[in-house]
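Below you'll find the structure, written out as C-alpha cells, and then a few comments.
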Amino acid sequence: MHRRDFLRTAAVGGSAACLFSTGGIGANSASDSYQPLGHVSIEDAKETVVGDDGNTAFVAATDGFVTVDIRNPENPHVLAERRGLLEEHDGGPLTEIWDVTVDGDRLLVVGPANPVESDEVHGILLYDVSDPSKPKRVAFHETTFPIHNAFLTDDIAYLTGNNGDGNPLVLMDVSNDEPKEVGRWSMVEYDSKWSGVDSWVRTLHDVWVHDGRAYLAQWDAGIWVVDVSNPKHPTHVAHFGGRPLEKLTEIPSSDERDAVVGLPGNAHFVMTNEDASLLACNKEAWDTDGPKRTGPGGIDLWDISTIERPRKLTTIEPPKTADPSYDVSPLSSIVAALSPVGVASAHGCHECGKVSSSGQWTTSHNFDFVGDRLYTSWYNGGVKVFDVSDPSNPEELVWWRKPNETAFWSAEYVSDTVFVGGSMGGDGDGRGGVYIFPNYTGEQKSSPPLTNGNTATTTATGEQTDDVAATTGQPGFGVGVAGLSVLGFSLWARRRRNED
C-alpha cells in the first residue's frame, strides 16, 4: 500500500483517527512565532517526497537524488547523495531529474523532465532504498520520451509520456526489478478529435493513483480520470475542469505560448481525499503580456462524489504579488522558438525563467491531501496549510514564507507533529533544501512582505463551468518550454519518431 493511501486510511479510522482527521494540526502558543524546526540545504533540489515510514525524505536534485534523515526535525541531515546518474550510458548522464516517487523499499527516479537533445538518455531508474543511506540501483529502463512526473504503487510505475503526439499515460510493471511496459492510455485514442489540439496545450503534466483510478492533470484539457484496475487495459472514466475542446482547437499558433503559460487552463497536479469524494487540482500559471491578468494560479476543490457530475466548490487563491510574470529574455524566446531540440539544456527550464525584480512567483505548486488538511506550496509565496473540512470554505491555518531565500516546490505531511516543505534550487542559488515544519496552527511574526493585501481568499461556486479558470506555468515545463513554440516541440517529437 502506498504511504499516502495508508495515511488516508488511518485518517478515517483507527486509534489515530482524531488526530489524522484534523491533519495533526494542534495549537501553538500565541507568543511564539511560527517557523521551521530545521532545514538542510540541497543543491538544485526539486521534488521532495517522504518514505513510507516517515523517517526519510527523498529529493530529486536535477542531476541525481538525495536521501535525508528527518527523524530529528531540528536536525535533518543528508544520508546519501547520488549525482551524475547514467554517466556511463550512451547519451548520459540523465538530466533534468525533477521527480522521484517512492513505494515501500523502491525509489523511482525519472527524467529528463522536458524535451532535450534526441541523443540524450531518457528513462527510469529503480533503486532499492531499504537502507536509505546506501541506495542500490536495481534496474534501468530507457524510454523514447521525456518524463516530467511519475507515480509508483503496487509494482506499477505510471509515467507522463509526453511524446508530442498522444501524450499517453504509460504503465510499467516493475515487479522483480524488471521494468516492462504493460499498458498505455491517451485522450487521443479515447476521442480522435483531441488530436486537433496542439499536443503541448494538452500535455500530461502529472498523475496520481488511488483505489484503482489514475487522476491525470492534462494542462488546458483539464482533469481526466482513468480506470487502471487492470494496468493492461486502462479505460476512460470521466474528464472535467478543462477548457472546451472546440476552444482549444481554435487557439492560433501566435497565442500558444500564452495559452501554456497563463490562465485559464494549466491543470498541474490532482489528488483526492480517502473516499474520493473530494478532489483538489492546482493551476500553475503566470501573467502573460495580454490585457487580462492570467496568473498566478490557485487550487480548485471539486465535489466528485458522483464522478459523472463533478461540481466545483471553490478556489483557494494564491498569495498576491506585485509582479507574477514569468521573465523570459528576448534571446531565450527566439532560441526556444527556433530550436526543436536543446530547449531544456539551453534554458534549464525552471531556472531559465527569471523572477522579475519587482515581484515573486506565488503560483500554486505541489500539495498533499491528508484527512481534512491540505498542505500546499507556493514557490516564493511559501507554504500554507488549509482546513478543508468544509470544502466550500477552506480555512488557512498556517502560512510561512521567506521569499528571498526559498521557492517551495512541494509540501507533504509526515506525522501529527511535522510536515516537510521542499524548496527549489537551481544554478547554485542556495535556495534548494528540505524544511521541517511543526504541524500546528501558528503565525509567522514579522513575515516578509510580497505586496500589499497578502490575504488568502477563496471563491465559491455552486456549479461546474466549461471555462474553468486555470493556471499556466512554466515550472510545469520550464520557461524554455513556455517560450518554446509548440511548433518547436512538435518538431522535436517528429525527429524522435523518425529516429526510432
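Letters A, B, ... mark the chains of the C-alpha cells in the order given; residue numbers begin at 1 per chain; ligand numbers begin at 1, in order shown.
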
Please provide as a PDB file with all heavy atoms, in the first residue's frame all residues within 12 Å of Ile42 (chain A), with the sequence filter that same-chain residues fewer than 4 positions apart are discarded (counting only C-alpha atoms).
```
ATOM      1  N   LYS A  46      14.531  19.710  -6.347  1.00  0.00           N
ATOM      2  CA  LYS A  46      13.216  19.890  -6.959  1.00  0.00           C
ATOM      3  C   LYS A  46      12.188  19.182  -6.056  1.00  0.00           C
ATOM      4  O   LYS A  46      11.999  19.576  -4.936  1.00  0.00           O
ATOM      5  CB  LYS A  46      13.211  19.352  -8.399  1.00  0.00           C
ATOM      6  CG  LYS A  46      14.173  20.098  -9.330  1.00  0.00           C
ATOM      7  CD  LYS A  46      13.815  21.561  -9.498  1.00  0.00           C
ATOM      8  CE  LYS A  46      14.660  22.264 -10.544  1.00  0.00           C
ATOM      9  NZ  LYS A  46      16.063  22.462 -10.134  1.00  0.00           N
ATOM     10  N   GLU A  47      11.572  18.110  -6.532  1.00  0.00           N
ATOM     11  CA  GLU A  47      10.527  17.442  -5.751  1.00  0.00           C
ATOM     12  C   GLU A  47      11.095  16.766  -4.498  1.00  0.00           C
ATOM     13  O   GLU A  47      12.188  16.181  -4.517  1.00  0.00           O
ATOM     14  CB  GLU A  47       9.830  16.379  -6.618  1.00  0.00           C
ATOM     15  CG  GLU A  47       8.776  15.550  -5.907  1.00  0.00           C
ATOM     16  CD  GLU A  47       7.486  16.305  -5.642  1.00  0.00           C
ATOM     17  OE1 GLU A  47       7.512  17.555  -5.553  1.00  0.00           O
ATOM     18  OE2 GLU A  47       6.442  15.648  -5.498  1.00  0.00           O
ATOM     19  N   THR A  48      10.321  16.849  -3.393  1.00  0.00           N
ATOM     20  CA  THR A  48      10.648  16.132  -2.157  1.00  0.00           C
ATOM     21  C   THR A  48       9.467  15.259  -1.772  1.00  0.00           C
ATOM     22  O   THR A  48       8.330  15.736  -1.701  1.00  0.00           O
ATOM     23  CB  THR A  48      10.944  17.116  -1.008  1.00  0.00           C
ATOM     24  OG1 THR A  48      12.109  17.883  -1.315  1.00  0.00           O
ATOM     25  CG2 THR A  48      11.167  16.374   0.307  1.00  0.00           C
ATOM     26  N   ALA A  57      13.231  11.509   3.787  1.00  0.00           N
ATOM     27  CA  ALA A  57      12.762  12.278   2.642  1.00  0.00           C
ATOM     28  C   ALA A  57      13.669  11.975   1.455  1.00  0.00           C
ATOM     29  O   ALA A  57      14.885  11.824   1.617  1.00  0.00           O
ATOM     30  CB  ALA A  57      12.774  13.770   2.944  1.00  0.00           C
ATOM     31  N   PHE A  58      13.061  11.873   0.280  1.00  0.00           N
ATOM     32  CA  PHE A  58      13.797  11.608  -0.950  1.00  0.00           C
ATOM     33  C   PHE A  58      13.631  12.819  -1.863  1.00  0.00           C
ATOM     34  O   PHE A  58      12.515  13.259  -2.122  1.00  0.00           O
ATOM     35  CB  PHE A  58      13.266  10.344  -1.626  1.00  0.00           C
ATOM     36  CG  PHE A  58      13.403   9.109  -0.773  1.00  0.00           C
ATOM     37  CD1 PHE A  58      12.405   8.766   0.135  1.00  0.00           C
ATOM     38  CD2 PHE A  58      14.524   8.296  -0.862  1.00  0.00           C
ATOM     39  CE1 PHE A  58      12.525   7.640   0.933  1.00  0.00           C
ATOM     40  CE2 PHE A  58      14.653   7.167  -0.071  1.00  0.00           C
ATOM     41  CZ  PHE A  58      13.651   6.829   0.834  1.00  0.00           C
ATOM     42  N   VAL A  59      14.750  13.346  -2.350  1.00  0.00           N
ATOM     43  CA  VAL A  59      14.743  14.618  -3.068  1.00  0.00           C
ATOM     44  C   VAL A  59      15.299  14.448  -4.474  1.00  0.00           C
ATOM     45  O   VAL A  59      16.431  13.986  -4.659  1.00  0.00           O
ATOM     46  CB  VAL A  59      15.590  15.671  -2.320  1.00  0.00           C
ATOM     47  CG1 VAL A  59      15.507  17.021  -3.026  1.00  0.00           C
ATOM     48  CG2 VAL A  59      15.139  15.793  -0.871  1.00  0.00           C
ATOM     49  N   ALA A  60      14.498  14.817  -5.485  1.00  0.00           N
ATOM     50  CA  ALA A  60      15.007  14.911  -6.849  1.00  0.00           C
ATOM     51  C   ALA A  60      15.918  16.129  -6.911  1.00  0.00           C
ATOM     52  O   ALA A  60      15.541  17.221  -6.481  1.00  0.00           O
ATOM     53  CB  ALA A  60      13.851  15.049  -7.829  1.00  0.00           C
ATOM     54  N   ALA A  61      17.112  15.950  -7.462  1.00  0.00           N
ATOM     55  CA  ALA A  61      18.115  17.013  -7.376  1.00  0.00           C
ATOM     56  C   ALA A  61      18.694  17.389  -8.734  1.00  0.00           C
ATOM     57  O   ALA A  61      19.874  17.751  -8.836  1.00  0.00           O
ATOM     58  CB  ALA A  61      19.231  16.595  -6.424  1.00  0.00           C
ATOM     59  N   THR A  62      17.891  17.304  -9.783  1.00  0.00           N
ATOM     60  CA  THR A  62      18.227  17.745 -11.136  1.00  0.00           C
ATOM     61  C   THR A  62      19.236  16.836 -11.840  1.00  0.00           C
ATOM     62  O   THR A  62      18.974  16.368 -12.951  1.00  0.00           O
ATOM     63  CB  THR A  62      18.723  19.203 -11.162  1.00  0.00           C
ATOM     64  OG1 THR A  62      17.752  20.031 -10.494  1.00  0.00           O
ATOM     65  CG2 THR A  62      18.893  19.701 -12.584  1.00  0.00           C
ATOM     66  N   ASP A  63      20.381  16.574 -11.214  1.00  0.00           N
ATOM     67  CA  ASP A  63      21.340  15.652 -11.824  1.00  0.00           C
ATOM     68  C   ASP A  63      21.481  14.378 -10.991  1.00  0.00           C
ATOM     69  O   ASP A  63      22.440  13.628 -11.158  1.00  0.00           O
ATOM     70  CB  ASP A  63      22.706  16.320 -11.997  1.00  0.00           C
ATOM     71  CG  ASP A  63      23.366  16.688 -10.673  1.00  0.00           C
ATOM     72  OD1 ASP A  63      22.683  16.664  -9.631  1.00  0.00           O
ATOM     73  OD2 ASP A  63      24.582  17.012 -10.687  1.00  0.00           O
ATOM     74  N   GLY A  64      20.531  14.132 -10.105  1.00  0.00           N
ATOM     75  CA  GLY A  64      20.563  12.950  -9.256  1.00  0.00           C
ATOM     76  C   GLY A  64      19.486  13.013  -8.202  1.00  0.00           C
ATOM     77  O   GLY A  64      18.432  13.624  -8.397  1.00  0.00           O
ATOM     78  N   PHE A  65      19.741  12.378  -7.058  1.00  0.00           N
ATOM     79  CA  PHE A  65      18.787  12.419  -5.956  1.00  0.00           C
ATOM     80  C   PHE A  65      19.542  12.357  -4.633  1.00  0.00           C
ATOM     81  O   PHE A  65      20.722  11.978  -4.577  1.00  0.00           O
ATOM     82  CB  PHE A  65      17.770  11.276  -6.048  1.00  0.00           C
ATOM     83  CG  PHE A  65      18.334   9.897  -5.806  1.00  0.00           C
ATOM     84  CD1 PHE A  65      18.319   9.324  -4.533  1.00  0.00           C
ATOM     85  CD2 PHE A  65      18.874   9.162  -6.852  1.00  0.00           C
ATOM     86  CE1 PHE A  65      18.836   8.052  -4.308  1.00  0.00           C
ATOM     87  CE2 PHE A  65      19.410   7.890  -6.639  1.00  0.00           C
ATOM     88  CZ  PHE A  65      19.389   7.334  -5.362  1.00  0.00           C
ATOM     89  N   VAL A  66      18.833  12.753  -3.566  1.00  0.00           N
ATOM     90  CA  VAL A  66      19.421  12.809  -2.237  1.00  0.00           C
ATOM     91  C   VAL A  66      18.434  12.189  -1.249  1.00  0.00           C
ATOM     92  O   VAL A  66      17.220  12.395  -1.363  1.00  0.00           O
ATOM     93  CB  VAL A  66      19.723  14.267  -1.827  1.00  0.00           C
ATOM     94  CG1 VAL A  66      20.273  14.342  -0.412  1.00  0.00           C
ATOM     95  CG2 VAL A  66      20.696  14.909  -2.820  1.00  0.00           C
ATOM     96  N   THR A  67      18.945  11.413  -0.295  1.00  0.00           N
ATOM     97  CA  THR A  67      18.110  10.898   0.792  1.00  0.00           C
ATOM     98  C   THR A  67      18.447  11.669   2.067  1.00  0.00           C
ATOM     99  O   THR A  67      19.613  11.962   2.340  1.00  0.00           O
ATOM    100  CB  THR A  67      18.313   9.388   1.015  1.00  0.00           C
ATOM    101  OG1 THR A  67      19.661   9.135   1.451  1.00  0.00           O
ATOM    102  CG2 THR A  67      18.056   8.617  -0.277  1.00  0.00           C
ATOM    103  N   VAL A  68      17.392  12.001   2.840  1.00  0.00           N
ATOM    104  CA  VAL A  68      17.554  12.853   4.013  1.00  0.00           C
ATOM    105  C   VAL A  68      16.891  12.207   5.224  1.00  0.00           C
ATOM    106  O   VAL A  68      15.716  11.809   5.164  1.00  0.00           O
ATOM    107  CB  VAL A  68      16.937  14.246   3.776  1.00  0.00           C
ATOM    108  CG1 VAL A  68      17.094  15.121   5.014  1.00  0.00           C
ATOM    109  CG2 VAL A  68      17.578  14.916   2.567  1.00  0.00           C
ATOM    110  N   PRO A  76      17.611  17.707  10.453  1.00  0.00           N
ATOM    111  CA  PRO A  76      17.584  16.830   9.274  1.00  0.00           C
ATOM    112  C   PRO A  76      18.967  16.816   8.628  1.00  0.00           C
ATOM    113  O   PRO A  76      19.656  17.850   8.604  1.00  0.00           O
ATOM    114  CB  PRO A  76      16.548  17.501   8.370  1.00  0.00           C
ATOM    115  CG  PRO A  76      16.554  18.938   8.779  1.00  0.00           C
ATOM    116  CD  PRO A  76      16.830  18.943  10.258  1.00  0.00           C
ATOM    117  N   HIS A  77      19.376  15.660   8.126  1.00  0.00           N
ATOM    118  CA  HIS A  77      20.714  15.601   7.537  1.00  0.00           C
ATOM    119  C   HIS A  77      20.750  14.602   6.389  1.00  0.00           C
ATOM    120  O   HIS A  77      19.973  13.645   6.346  1.00  0.00           O
ATOM    121  CB  HIS A  77      21.772  15.240   8.588  1.00  0.00           C
ATOM    122  CG  HIS A  77      21.518  13.939   9.283  1.00  0.00           C
ATOM    123  ND1 HIS A  77      20.685  13.830  10.382  1.00  0.00           N
ATOM    124  CD2 HIS A  77      21.989  12.688   9.042  1.00  0.00           C
ATOM    125  CE1 HIS A  77      20.647  12.570  10.785  1.00  0.00           C
ATOM    126  NE2 HIS A  77      21.426  11.863  10.002  1.00  0.00           N
ATOM    127  N   VAL A  78      21.648  14.850   5.461  1.00  0.00           N
ATOM    128  CA  VAL A  78      21.782  14.018   4.272  1.00  0.00           C
ATOM    129  C   VAL A  78      22.339  12.652   4.639  1.00  0.00           C
ATOM    130  O   VAL A  78      23.342  12.550   5.363  1.00  0.00           O
ATOM    131  CB  VAL A  78      22.692  14.709   3.230  1.00  0.00           C
ATOM    132  CG1 VAL A  78      23.029  13.761   2.087  1.00  0.00           C
ATOM    133  CG2 VAL A  78      22.028  15.980   2.700  1.00  0.00           C
ATOM    134  N   LEU A  79      21.690  11.611   4.127  1.00  0.00           N
ATOM    135  CA  LEU A  79      22.164  10.244   4.315  1.00  0.00           C
ATOM    136  C   LEU A  79      23.001   9.785   3.125  1.00  0.00           C
ATOM    137  O   LEU A  79      24.033   9.146   3.291  1.00  0.00           O
ATOM    138  CB  LEU A  79      20.968   9.299   4.490  1.00  0.00           C
ATOM    139  CG  LEU A  79      20.145   9.430   5.766  1.00  0.00           C
ATOM    140  CD1 LEU A  79      18.885   8.587   5.665  1.00  0.00           C
ATOM    141  CD2 LEU A  79      20.976   8.994   6.975  1.00  0.00           C
ATOM    142  N   ALA A  80      22.496  10.096   1.926  1.00  0.00           N
ATOM    143  CA  ALA A  80      23.206   9.677   0.716  1.00  0.00           C
ATOM    144  C   ALA A  80      22.910  10.661  -0.403  1.00  0.00           C
ATOM    145  O   ALA A  80      21.835  11.265  -0.456  1.00  0.00           O
ATOM    146  CB  ALA A  80      22.779   8.275   0.302  1.00  0.00           C
ATOM    147  N   GLU A  81      23.878  10.838  -1.288  1.00  0.00           N
ATOM    148  CA  GLU A  81      23.733  11.740  -2.424  1.00  0.00           C
ATOM    149  C   GLU A  81      24.273  11.033  -3.660  1.00  0.00           C
ATOM    150  O   GLU A  81      25.417  10.579  -3.676  1.00  0.00           O
ATOM    151  CB  GLU A  81      24.507  13.031  -2.162  1.00  0.00           C
ATOM    152  CG  GLU A  81      24.270  14.132  -3.168  1.00  0.00           C
ATOM    153  CD  GLU A  81      24.802  15.479  -2.679  1.00  0.00           C
ATOM    154  OE1 GLU A  81      25.372  15.522  -1.563  1.00  0.00           O
ATOM    155  OE2 GLU A  81      24.636  16.470  -3.413  1.00  0.00           O
ATOM    156  N   ARG A  82      23.426  10.920  -4.663  1.00  0.00           N
ATOM    157  CA  ARG A  82      23.811  10.253  -5.903  1.00  0.00           C
ATOM    158  C   ARG A  82      23.652  11.242  -7.060  1.00  0.00           C
ATOM    159  O   ARG A  82      22.544  11.665  -7.377  1.00  0.00           O
ATOM    160  CB  ARG A  82      22.949   9.007  -6.148  1.00  0.00           C
ATOM    161  CG  ARG A  82      23.079   7.943  -5.063  1.00  0.00           C
ATOM    162  CD  ARG A  82      24.446   7.278  -5.097  1.00  0.00           C
ATOM    163  NE  ARG A  82      24.564   6.208  -4.112  1.00  0.00           N
ATOM    164  CZ  ARG A  82      25.032   6.375  -2.881  1.00  0.00           C
ATOM    165  NH1 ARG A  82      25.442   7.575  -2.483  1.00  0.00           N
ATOM    166  NH2 ARG A  82      25.112   5.343  -2.047  1.00  0.00           N
ATOM    167  N   ARG A  83      24.758  11.627  -7.665  1.00  0.00           N
ATOM    168  CA  ARG A  83      24.757  12.578  -8.773  1.00  0.00           C
ATOM    169  C   ARG A  83      25.374  11.918 -10.009  1.00  0.00           C
ATOM    170  O   ARG A  83      26.006  10.868  -9.932  1.00  0.00           O
ATOM    171  CB  ARG A  83      25.576  13.821  -8.407  1.00  0.00           C
ATOM    172  CG  ARG A  83      25.142  14.517  -7.121  1.00  0.00           C
ATOM    173  CD  ARG A  83      24.067  15.540  -7.344  1.00  0.00           C
ATOM    174  NE  ARG A  83      23.721  16.266  -6.122  1.00  0.00           N
ATOM    175  CZ  ARG A  83      22.883  17.295  -6.092  1.00  0.00           C
ATOM    176  NH1 ARG A  83      22.314  17.735  -7.197  1.00  0.00           N
ATOM    177  NH2 ARG A  83      22.617  17.909  -4.942  1.00  0.00           N
ATOM    178  N   THR A 406      13.763  31.219  -0.338  1.00  0.00           N
ATOM    179  CA  THR A 406      13.120  29.946  -0.631  1.00  0.00           C
ATOM    180  C   THR A 406      12.165  30.064  -1.817  1.00  0.00           C
ATOM    181  O   THR A 406      11.679  31.152  -2.141  1.00  0.00           O
ATOM    182  CB  THR A 406      12.322  29.434   0.582  1.00  0.00           C
ATOM    183  OG1 THR A 406      11.295  30.387   0.894  1.00  0.00           O
ATOM    184  CG2 THR A 406      13.215  29.222   1.784  1.00  0.00           C
ATOM    185  N   GLY A 422       9.660  21.264   0.479  1.00  0.00           N
ATOM    186  CA  GLY A 422      10.844  21.173  -0.365  1.00  0.00           C
ATOM    187  C   GLY A 422      11.025  22.449  -1.166  1.00  0.00           C
ATOM    188  O   GLY A 422      10.122  22.849  -1.912  1.00  0.00           O
ATOM    189  N   SER A 423      12.153  23.115  -1.008  1.00  0.00           N
ATOM    190  CA  SER A 423      12.422  24.372  -1.703  1.00  0.00           C
ATOM    191  C   SER A 423      13.267  24.119  -2.941  1.00  0.00           C
ATOM    192  O   SER A 423      14.275  23.413  -2.890  1.00  0.00           O
ATOM    193  CB  SER A 423      13.144  25.359  -0.779  1.00  0.00           C
ATOM    194  OG  SER A 423      13.414  26.582  -1.444  1.00  0.00           O
ATOM    195  N   MET A 424      12.840  24.699  -4.058  1.00  0.00           N
ATOM    196  CA  MET A 424      13.511  24.540  -5.340  1.00  0.00           C
ATOM    197  C   MET A 424      14.820  25.315  -5.385  1.00  0.00           C
ATOM    198  O   MET A 424      14.893  26.467  -4.974  1.00  0.00           O
ATOM    199  CB  MET A 424      12.590  25.046  -6.453  1.00  0.00           C
ATOM    200  CG  MET A 424      13.211  25.070  -7.840  1.00  0.00           C
ATOM    201  SD  MET A 424      12.098  25.775  -9.087  1.00  0.00           S
ATOM    202  CE  MET A 424      12.217  27.533  -8.722  1.00  0.00           C
ATOM    203  N   GLY A 425      15.835  24.658  -5.910  1.00  0.00           N
ATOM    204  CA  GLY A 425      17.109  25.327  -6.121  1.00  0.00           C
ATOM    205  C   GLY A 425      17.562  25.170  -7.553  1.00  0.00           C
ATOM    206  O   GLY A 425      17.154  24.233  -8.251  1.00  0.00           O
ATOM    207  N   GLY A 426      18.391  26.084  -8.003  1.00  0.00           N
ATOM    208  CA  GLY A 426      18.920  25.979  -9.357  1.00  0.00           C
ATOM    209  C   GLY A 426      20.156  26.826  -9.544  1.00  0.00           C
ATOM    210  O   GLY A 426      20.271  27.917  -8.985  1.00  0.00           O
ATOM    211  N   ASP A 427      21.097  26.293 -10.318  1.00  0.00           N
ATOM    212  CA  ASP A 427      22.319  27.034 -10.650  1.00  0.00           C
ATOM    213  C   ASP A 427      23.053  27.523  -9.408  1.00  0.00           C
ATOM    214  O   ASP A 427      23.585  28.639  -9.383  1.00  0.00           O
ATOM    215  CB  ASP A 427      21.997  28.211 -11.567  1.00  0.00           C
ATOM    216  CG  ASP A 427      21.480  27.749 -12.931  1.00  0.00           C
ATOM    217  OD1 ASP A 427      21.820  26.620 -13.319  1.00  0.00           O
ATOM    218  OD2 ASP A 427      20.745  28.508 -13.579  1.00  0.00           O
ATOM    219  N   GLY A 428      23.042  26.712  -8.354  1.00  0.00           N
ATOM    220  CA  GLY A 428      23.785  27.071  -7.152  1.00  0.00           C
ATOM    221  C   GLY A 428      23.282  28.319  -6.462  1.00  0.00           C
ATOM    222  O   GLY A 428      24.061  29.036  -5.816  1.00  0.00           O
ATOM    223  N   ASP A 429      21.959  28.587  -6.537  1.00  0.00           N
ATOM    224  CA  ASP A 429      21.432  29.816  -5.942  1.00  0.00           C
ATOM    225  C   ASP A 429      21.230  29.729  -4.431  1.00  0.00           C
ATOM    226  O   ASP A 429      20.860  30.708  -3.789  1.00  0.00           O
ATOM    227  CB  ASP A 429      20.120  30.222  -6.615  1.00  0.00           C
ATOM    228  CG  ASP A 429      19.016  29.178  -6.487  1.00  0.00           C
ATOM    229  OD1 ASP A 429      19.209  28.205  -5.729  1.00  0.00           O
ATOM    230  OD2 ASP A 429      17.976  29.336  -7.148  1.00  0.00           O
ATOM    231  N   GLY A 430      21.438  28.547  -3.842  1.00  0.00           N
ATOM    232  CA  GLY A 430      21.340  28.401  -2.392  1.00  0.00           C
ATOM    233  C   GLY A 430      19.935  28.243  -1.863  1.00  0.00           C
ATOM    234  O   GLY A 430      19.742  28.107  -0.653  1.00  0.00           O
ATOM    235  N   ARG A 431      18.933  28.231  -2.745  1.00  0.00           N
ATOM    236  CA  ARG A 431      17.546  28.105  -2.285  1.00  0.00           C
ATOM    237  C   ARG A 431      17.139  26.655  -2.015  1.00  0.00           C
ATOM    238  O   ARG A 431      16.208  26.398  -1.269  1.00  0.00           O
ATOM    239  CB  ARG A 431      16.584  28.692  -3.326  1.00  0.00           C
ATOM    240  CG  ARG A 431      16.678  30.196  -3.511  1.00  0.00           C
ATOM    241  CD  ARG A 431      15.758  30.640  -4.647  1.00  0.00           C
ATOM    242  NE  ARG A 431      15.813  32.082  -4.897  1.00  0.00           N
ATOM    243  CZ  ARG A 431      14.957  32.956  -4.395  1.00  0.00           C
ATOM    244  NH1 ARG A 431      13.972  32.538  -3.631  1.00  0.00           N
ATOM    245  NH2 ARG A 431      15.069  34.238  -4.670  1.00  0.00           N
ATOM    246  N   GLY A 432      17.797  25.715  -2.658  1.00  0.00           N
ATOM    247  CA  GLY A 432      17.375  24.325  -2.582  1.00  0.00           C
ATOM    248  C   GLY A 432      17.535  23.738  -1.192  1.00  0.00           C
ATOM    249  O   GLY A 432      18.528  23.981  -0.506  1.00  0.00           O
ATOM    250  N   GLY A 433      16.542  22.937  -0.769  1.00  0.00           N
ATOM    251  CA  GLY A 433      16.658  22.286   0.528  1.00  0.00           C
ATOM    252  C   GLY A 433      15.354  21.704   1.014  1.00  0.00           C
ATOM    253  O   GLY A 433      14.308  21.816   0.367  1.00  0.00           O
ATOM    254  N   VAL A 434      15.426  21.064   2.176  1.00  0.00           N
ATOM    255  CA  VAL A 434      14.269  20.465   2.844  1.00  0.00           C
ATOM    256  C   VAL A 434      14.068  21.176   4.176  1.00  0.00           C
ATOM    257  O   VAL A 434      15.005  21.304   4.972  1.00  0.00           O
ATOM    258  CB  VAL A 434      14.476  18.952   3.077  1.00  0.00           C
ATOM    259  CG1 VAL A 434      13.320  18.369   3.884  1.00  0.00           C
ATOM    260  CG2 VAL A 434      14.617  18.222   1.740  1.00  0.00           C
ATOM    261  N   TYR A 435      12.848  21.643   4.410  1.00  0.00           N
ATOM    262  CA  TYR A 435      12.474  22.332   5.641  1.00  0.00           C
ATOM    263  C   TYR A 435      11.474  21.468   6.408  1.00  0.00           C
ATOM    264  O   TYR A 435      10.541  20.916   5.814  1.00  0.00           O
ATOM    265  CB  TYR A 435      11.844  23.695   5.341  1.00  0.00           C
ATOM    266  CG  TYR A 435      12.812  24.727   4.828  1.00  0.00           C
ATOM    267  CD1 TYR A 435      13.297  24.667   3.521  1.00  0.00           C
ATOM    268  CD2 TYR A 435      13.252  25.767   5.651  1.00  0.00           C
ATOM    269  CE1 TYR A 435      14.198  25.619   3.052  1.00  0.00           C
ATOM    270  CE2 TYR A 435      14.146  26.727   5.191  1.00  0.00           C
ATOM    271  CZ  TYR A 435      14.618  26.639   3.886  1.00  0.00           C
ATOM    272  OH  TYR A 435      15.503  27.583   3.430  1.00  0.00           O
TER     273      TYR A 435
END
```

Near-Leu278 (chain A) list (9 Å; only C-alpha atoms; drop same-chain fewer than 4 positions) as a PDB file with N, CA and C atoms, in the first residue's frame:
```pdb
ATOM      1  N   MET A 271      -5.280  15.434  -6.834  1.00  0.00           N
ATOM      2  CA  MET A 271      -5.267  14.486  -5.722  1.00  0.00           C
ATOM      3  C   MET A 271      -6.642  14.463  -5.070  1.00  0.00           C
ATOM      4  N   THR A 272      -7.068  13.303  -4.569  1.00  0.00           N
ATOM      5  CA  THR A 272      -8.367  13.196  -3.899  1.00  0.00           C
ATOM      6  C   THR A 272      -8.188  12.900  -2.419  1.00  0.00           C
ATOM      7  N   ASN A 273      -9.302  13.017  -1.684  1.00  0.00           N
ATOM      8  CA  ASN A 273      -9.297  12.542  -0.310  1.00  0.00           C
ATOM      9  C   ASN A 273      -9.469  11.031  -0.300  1.00  0.00           C
ATOM     10  N   GLU A 274      -9.566  10.435   0.887  1.00  0.00           N
ATOM     11  CA  GLU A 274      -9.545   8.977   1.001  1.00  0.00           C
ATOM     12  C   GLU A 274     -10.683   8.296   0.262  1.00  0.00           C
ATOM     13  N   LEU A 301     -11.170  23.115  -5.642  1.00  0.00           N
ATOM     14  CA  LEU A 301     -11.713  21.964  -4.914  1.00  0.00           C
ATOM     15  C   LEU A 301     -13.010  21.532  -5.589  1.00  0.00           C
ATOM     16  N   TRP A 302     -13.127  20.238  -5.855  1.00  0.00           N
ATOM     17  CA  TRP A 302     -14.263  19.679  -6.583  1.00  0.00           C
ATOM     18  C   TRP A 302     -14.965  18.597  -5.755  1.00  0.00           C
ATOM     19  N   ASP A 303     -16.266  18.613  -5.788  1.00  0.00           N
ATOM     20  CA  ASP A 303     -17.073  17.511  -5.257  1.00  0.00           C
ATOM     21  C   ASP A 303     -17.195  16.482  -6.374  1.00  0.00           C
ATOM     22  N   ILE A 304     -16.584  15.290  -6.177  1.00  0.00           N
ATOM     23  CA  ILE A 304     -16.662  14.235  -7.187  1.00  0.00           C
ATOM     24  C   ILE A 304     -17.321  12.991  -6.605  1.00  0.00           C
ATOM     25  N   SER A 305     -18.181  13.186  -5.609  1.00  0.00           N
ATOM     26  CA  SER A 305     -18.885  12.052  -5.013  1.00  0.00           C
ATOM     27  C   SER A 305     -19.695  11.305  -6.071  1.00  0.00           C
ATOM     28  N   PRO A 391     -15.278  22.017   2.559  1.00  0.00           N
ATOM     29  CA  PRO A 391     -14.530  22.311   1.339  1.00  0.00           C
ATOM     30  C   PRO A 391     -15.016  23.536   0.576  1.00  0.00           C
TER      31      PRO A 391
END
```

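CA of Asp211 (chain A) lies 26.0 Å from CA of Ile316 (chain A).
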
Practice problem: Pick out the residues sitting within 8 Å of region 131-139 of chain A, and hand them over as number ranges by chain; count only C-alpha atoms, and ignore anything fewer than 3 positions along from it in its own chain. | Solution: A: 56, 67, 79-80, 125-128, 177-179

Quiz item: Near region 376-384 of chain A, counting only C-alpha atoms, which residues have an atom at most 9 Å away, once you skip same-chain residues fewer than 3 positions from it, shown as a ChimeraX atom specification?
Solution: /A:298,318-321,360-369,396-412,421-424,450

Quiz item: region 164-240 of chain A: which residues are helix (DSSP H, G or I) by DSSP, as JSON, numbers by chain?
Solution: {"A": [175, 176, 177, 187, 188, 189, 190, 192, 193, 194, 195, 196]}

Exercise. List the neighbours of Thr203 (chain A) out to 10 Å using only C-alpha atoms; skip same-chain residues closer than 2 positions along the sequence, and give me the result as a PyMOL selection string.
Key: chain A and resi 160-168+198-201+205-206+217-222+260+266-268+476-477
